[in-house]
Amino acid sequence: MSDIVNSVFCTIVPPHVLDRLAQGDDSARAEHAQLTLEHDSQYRTRRRVTALRGAAAPAGTPSDSPQRTIYDAGHRATEPGKKVHSEGDAPSKDATVNRAHAGLGATFELYLKAYGRHSIDNAGLPLNATVHYGQGYNNAFWDGSQMVFGDGDGDIFLDFTIPVDVIGHELTHGVTQHSANLEYYGQSGALNESVSDVFGSLIKQYALGQTADQADWLIGQGLLGPGVDHGSALRSMKAPGTAYDDDVLGKDPQPATMDDYVRTSRDNGGVHINSGIPNRAFYLLASALGGNAWERAGKIWYATLTGGQLASDAQFADFARLTVATARSLYSDGDEVQAVLKAWAQVGVATS
């Protein structure tokens with residue numbers, strides 16, 4: 001299985017959504033979805049080969065300021081493309097470039113200010129991104145070293161730089177890659193996806209100055225286009241399974257508790273589906289503690305991810321037990337520990 005789980009290619013739009021679109025009656029929508037699926041499949045294979053050969057770990061110089069570079073692929077499926085914006089440049093005339101630049105910065109700032117982390121690898125990794133990737137490409141992804149954004153088809157999906165939590169989500173796959181390196185399959189893969197949703201949401205909340213009760217807890221709000229009649233986002237951490245229920249997209253399949261855990265061979269064992277369970281656990285914890293979710297709740301999750309005790313093949317119960325231990329380590333036997341225990345109990349994940 002190692003040739004599957006160790007490759008680093010993580011997309012924001014789940015395959016089951018693209019599958020649904022590819023099988024729809026609208027030929028234009030189906031074509032965009034099919035081309036995106038074919039691209040992602042080929043790219044995943046290439047990343048798998050790279051992972052098996054072994055790639056040199058990128059290195060930078062730790063700094064309290066990000067080093068961001070934006071490239072323009074010119075609507076071709078090539079990386080990185082033409083360099084169009086560097087750190088310190090004046091704002092671009094291209095709004096997509098400016099959003100990518102700002103989103104990289106928002107991610108860098110949350111990790112630095114809240115957790116003392118210097119960039120994605122904690123060693124000053126420069127933050128690079130490619131925009132205007134492909135023709136109507138309906139996805140964004142972390143390729144193991146940089147971000148890539150499609151423009152969407154303008155119908156089902158809009159420009160993928162619009163939601164800052166999408167940018168934070170994908171960059172957090174890099175944080176996981178450089179820390180616990182959670183295998184991208186089954187429950188460990190769902191944890192990988194959930195951690196990205198958690199910190200993607202926290203990056204958005206930090207940027208907007210929102211407390212836990214003010215946040216929408218949606219992933220990808222603002223991404224869905226005019227062709228979607230009944231949908232607010234890609235996922236809901238507050239209420240998994242309710243982000244969309246649409247004739248075109250279908251119904252959000254995420255479970256909120258282990259009672260509805262989905263067993264499937266698709267999507268690397270349902271990594272984008274079952275992530276709803278740990279997502280809701282974090283939401284419940286953050287809501288119970290109140291205030292800024294990136295503080296106590298976020299610190300527990302961050303310390304668990306980066307503390308060196310989380311195995312790469314960790315299951316939900318393994319992660320849950322470690323969050324309890326982390327809460328005790330950080331906060332002794334305070335309210336935080338009981339809140340963590342209660343959150344996991346509410347989603348049906350054992351902590352003992």
# chains A, B, ... in the order shown; residues from 1 in each chain; ligands from 1
$ select_by_dssp --residues "range 21-194 of chain A" --states "helix (DSSP H, G or I)" --output "number ranges by chain"
A: 21-22, 27-53, 95-115, 164-177, 186-194
$ residues_around --residues "Ser275 in chain A" --least-positions-apart "4" --cutoff "10 Å" --atoms "only C-alpha atoms" --output "short mmCIF file (atom, residue, chain, number, x, y, z; two decimals) with N, CA and C atoms, in the first residue's frame"
data_model
loop_
_atom_site.label_atom_id
_atom_site.label_comp_id
_atom_site.auth_asym_id
_atom_site.auth_seq_id
_atom_site.Cartn_x
_atom_site.Cartn_y
_atom_site.Cartn_z
N GLY A 186 -7.72 5.56 4.32
CA GLY A 186 -8.54 5.15 5.45
C GLY A 186 -8.63 6.21 6.52
N GLN A 187 -8.60 5.78 7.79
CA GLN A 187 -8.78 6.74 8.89
C GLN A 187 -7.61 7.70 9.03
N SER A 188 -6.39 7.25 8.78
CA SER A 188 -5.26 8.18 8.86
C SER A 188 -5.37 9.23 7.75
N GLY A 189 -5.87 8.82 6.58
CA GLY A 189 -6.09 9.78 5.50
C GLY A 189 -7.21 10.74 5.81
N ALA A 190 -8.26 10.24 6.47
CA ALA A 190 -9.36 11.12 6.88
C ALA A 190 -8.89 12.11 7.94
N LEU A 191 -8.00 11.67 8.83
CA LEU A 191 -7.39 12.59 9.80
C LEU A 191 -6.55 13.64 9.08
N ASN A 192 -5.81 13.22 8.05
CA ASN A 192 -5.02 14.14 7.25
C ASN A 192 -5.91 15.23 6.66
N GLU A 193 -7.04 14.81 6.08
CA GLU A 193 -7.98 15.77 5.51
C GLU A 193 -8.62 16.64 6.59
N SER A 194 -8.98 16.03 7.71
CA SER A 194 -9.62 16.77 8.78
C SER A 194 -8.70 17.84 9.36
N VAL A 195 -7.44 17.48 9.59
CA VAL A 195 -6.48 18.45 10.11
C VAL A 195 -6.40 19.66 9.17
N SER A 196 -6.42 19.39 7.87
CA SER A 196 -6.39 20.50 6.90
C SER A 196 -7.65 21.34 6.98
N ASP A 197 -8.81 20.70 7.17
CA ASP A 197 -10.04 21.47 7.35
C ASP A 197 -10.00 22.30 8.63
N ARG A 235 -17.82 21.49 2.51
CA ARG A 235 -18.02 20.72 3.74
C ARG A 235 -18.46 21.63 4.87
N MET A 237 -18.08 21.70 9.04
CA MET A 237 -17.52 21.08 10.23
C MET A 237 -18.55 21.04 11.35
N PRO A 240 -21.64 18.09 9.54
CA PRO A 240 -21.23 17.29 8.38
C PRO A 240 -22.44 16.64 7.71
N GLN A 254 -20.90 13.30 3.97
CA GLN A 254 -20.10 13.22 5.19
C GLN A 254 -20.91 12.77 6.40
N PRO A 255 -20.40 11.80 7.17
CA PRO A 255 -21.04 11.44 8.44
C PRO A 255 -20.57 12.37 9.56
N ALA A 256 -21.41 12.50 10.59
CA ALA A 256 -21.05 13.32 11.75
C ALA A 256 -20.60 12.48 12.93
N TYR A 261 -20.23 5.88 9.83
CA TYR A 261 -18.93 5.76 9.16
C TYR A 261 -19.10 5.06 7.81
N GLY A 270 -12.25 6.79 1.40
CA GLY A 270 -13.18 7.80 1.92
C GLY A 270 -12.55 8.89 2.74
N VAL A 271 -11.35 9.33 2.35
CA VAL A 271 -10.65 10.32 3.18
C VAL A 271 -11.38 11.66 3.25
N ASN A 279 -13.74 16.27 12.18
CA ASN A 279 -14.09 17.69 12.00
C ASN A 279 -15.10 18.14 13.04
N ARG A 280 -16.16 17.33 13.20
CA ARG A 280 -17.20 17.72 14.16
C ARG A 280 -16.67 17.67 15.59
N PHE A 316 -8.63 7.05 14.17
CA PHE A 316 -9.33 8.09 14.91
C PHE A 316 -9.11 7.96 16.42
#
$ atom_distance --atom1 "CA of Leu284 in chain A" --atom2 "CA of Lys238 in chain A"
7.7 Å
$ closest_residue --among "A:Trp294, A:Phe282, A:Phe149, A:Phe9" --to "Val347 in chain A" --atoms "only C-alpha atoms"
A:Phe282
$ closest_residue --among "A:Ala303, A:Val175, A:Val164, A:Leu158" --to "Asn122 in chain A" --atoms "only C-alpha atoms"
A:Val175
$ decode --residues "range 119-236 of chain A" --atoms "C-alpha atoms" --output "tab-separated table (two decimals), in the first residue's frame"
chain	number	residue	atom	x	y	z
A	119	SER	CA	6.35	28.43	7.46
A	120	ILE	CA	5.05	25.05	6.35
A	121	ASP	CA	8.13	23.01	7.24
A	122	ASN	CA	9.01	25.08	10.35
A	123	ALA	CA	12.30	25.89	8.62
A	124	GLY	CA	11.32	28.90	6.54
A	125	LEU	CA	10.09	27.14	3.41
A	126	PRO	CA	9.37	29.74	0.69
A	127	LEU	CA	5.69	29.76	-0.23
A	128	ASN	CA	5.11	29.34	-3.96
A	129	ALA	CA	1.83	29.16	-5.82
A	130	THR	CA	0.72	28.73	-9.42
A	131	VAL	CA	-2.54	30.37	-10.56
A	132	HIS	CA	-4.62	30.12	-13.74
A	133	TYR	CA	-3.75	26.45	-13.99
A	134	GLY	CA	-5.35	24.50	-16.84
A	135	GLN	CA	-8.52	25.20	-18.79
A	136	GLY	CA	-11.56	25.29	-16.52
A	137	TYR	CA	-9.66	23.17	-14.00
A	138	ASN	CA	-12.03	22.46	-11.11
A	139	ASN	CA	-9.59	21.99	-8.26
A	140	ALA	CA	-6.72	23.29	-6.17
A	141	PHE	CA	-3.94	21.15	-4.79
A	142	TRP	CA	-0.75	20.88	-2.76
A	143	ASP	CA	1.80	18.94	-4.82
A	144	GLY	CA	4.34	18.31	-2.09
A	145	SER	CA	6.21	21.57	-2.53
A	146	GLN	CA	3.82	24.29	-3.70
A	147	MET	CA	0.18	25.35	-4.19
A	148	VAL	CA	-1.68	25.16	-7.50
A	149	PHE	CA	-5.03	26.86	-8.22
A	150	GLY	CA	-7.49	26.29	-11.02
A	151	ASP	CA	-9.85	29.02	-12.14
A	152	GLY	CA	-12.88	26.72	-11.99
A	153	ASP	CA	-15.37	26.45	-14.81
A	154	GLY	CA	-17.29	29.55	-13.71
A	155	ASP	CA	-20.45	27.45	-13.49
A	156	ILE	CA	-20.11	24.86	-10.72
A	157	PHE	CA	-16.88	26.21	-9.26
A	158	LEU	CA	-15.45	29.71	-9.17
A	159	ASP	CA	-11.79	30.74	-8.82
A	160	PHE	CA	-10.13	28.53	-6.21
A	161	THR	CA	-8.22	31.45	-4.67
A	162	ILE	CA	-11.50	33.01	-3.44
A	163	PRO	CA	-11.89	31.11	-0.10
A	164	VAL	CA	-8.89	31.70	2.15
A	165	ASP	CA	-9.70	28.47	4.01
A	166	VAL	CA	-9.11	26.50	0.79
A	167	ILE	CA	-5.61	27.99	0.62
A	168	GLY	CA	-5.03	27.26	4.30
A	169	HIS	CA	-6.41	23.73	3.92
A	170	GLU	CA	-4.04	22.84	1.11
A	171	LEU	CA	-0.97	24.41	2.73
A	172	THR	CA	-1.75	22.49	5.91
A	173	HIS	CA	-1.26	19.28	3.95
A	174	GLY	CA	2.32	20.50	3.77
A	175	VAL	CA	2.44	21.01	7.54
A	176	THR	CA	1.20	17.43	8.01
A	177	GLN	CA	3.73	16.21	5.44
A	178	HIS	CA	6.53	17.80	7.47
A	179	SER	CA	5.27	16.58	10.86
A	180	ALA	CA	3.14	13.46	11.45
A	181	ASN	CA	3.10	12.60	7.71
A	182	LEU	CA	-0.27	10.88	8.08
A	183	GLU	CA	-0.77	8.17	5.49
A	184	TYR	CA	-3.34	9.18	2.91
A	185	TYR	CA	-5.65	6.20	3.23
A	186	GLY	CA	-8.54	5.15	5.45
A	187	GLN	CA	-8.78	6.74	8.89
A	188	SER	CA	-5.26	8.18	8.86
A	189	GLY	CA	-6.09	9.78	5.50
A	190	ALA	CA	-9.36	11.12	6.88
A	191	LEU	CA	-7.39	12.59	9.80
A	192	ASN	CA	-5.02	14.14	7.25
A	193	GLU	CA	-7.98	15.77	5.51
A	194	SER	CA	-9.62	16.77	8.78
A	195	VAL	CA	-6.48	18.45	10.11
A	196	SER	CA	-6.39	20.50	6.90
A	197	ASP	CA	-10.04	21.47	7.35
A	198	VAL	CA	-9.43	22.40	10.99
A	199	PHE	CA	-6.51	24.69	10.30
A	200	GLY	CA	-8.03	26.00	7.07
A	201	SER	CA	-11.01	27.13	9.13
A	202	LEU	CA	-8.77	28.55	11.87
A	203	ILE	CA	-6.78	30.54	9.28
A	204	LYS	CA	-10.04	32.05	8.03
A	205	GLN	CA	-11.23	32.79	11.58
A	206	TYR	CA	-7.88	34.35	12.54
A	207	ALA	CA	-7.86	36.52	9.41
A	208	LEU	CA	-11.42	37.72	10.09
A	209	GLY	CA	-10.99	38.05	13.86
A	210	GLN	CA	-13.86	35.64	14.52
A	211	THR	CA	-14.55	33.76	17.72
A	212	ALA	CA	-15.76	30.16	17.61
A	213	ASP	CA	-19.39	31.19	17.88
A	214	GLN	CA	-19.04	33.79	15.10
A	215	ALA	CA	-17.41	31.41	12.58
A	216	ASP	CA	-19.44	29.64	9.89
A	217	TRP	CA	-17.33	26.46	10.14
A	218	LEU	CA	-17.73	25.92	6.40
A	219	ILE	CA	-14.93	24.80	4.09
A	220	GLY	CA	-14.99	26.49	0.69
A	221	GLN	CA	-17.79	28.97	1.31
A	222	GLY	CA	-17.90	31.25	-1.76
A	223	LEU	CA	-16.42	28.63	-4.07
A	224	LEU	CA	-19.63	27.18	-5.50
A	225	GLY	CA	-20.80	28.84	-8.70
A	226	PRO	CA	-24.19	29.89	-10.11
A	227	GLY	CA	-24.87	26.38	-11.41
A	228	VAL	CA	-25.33	25.11	-7.84
A	229	ASP	CA	-28.80	25.91	-6.48
A	230	HIS	CA	-28.66	24.25	-3.08
A	231	GLY	CA	-25.19	24.37	-1.57
A	232	SER	CA	-23.17	26.64	0.68
A	233	ALA	CA	-19.71	25.05	0.64
A	234	LEU	CA	-17.75	21.83	0.10
A	235	ARG	CA	-18.02	20.72	3.74
A	236	SER	CA	-19.50	21.78	7.07
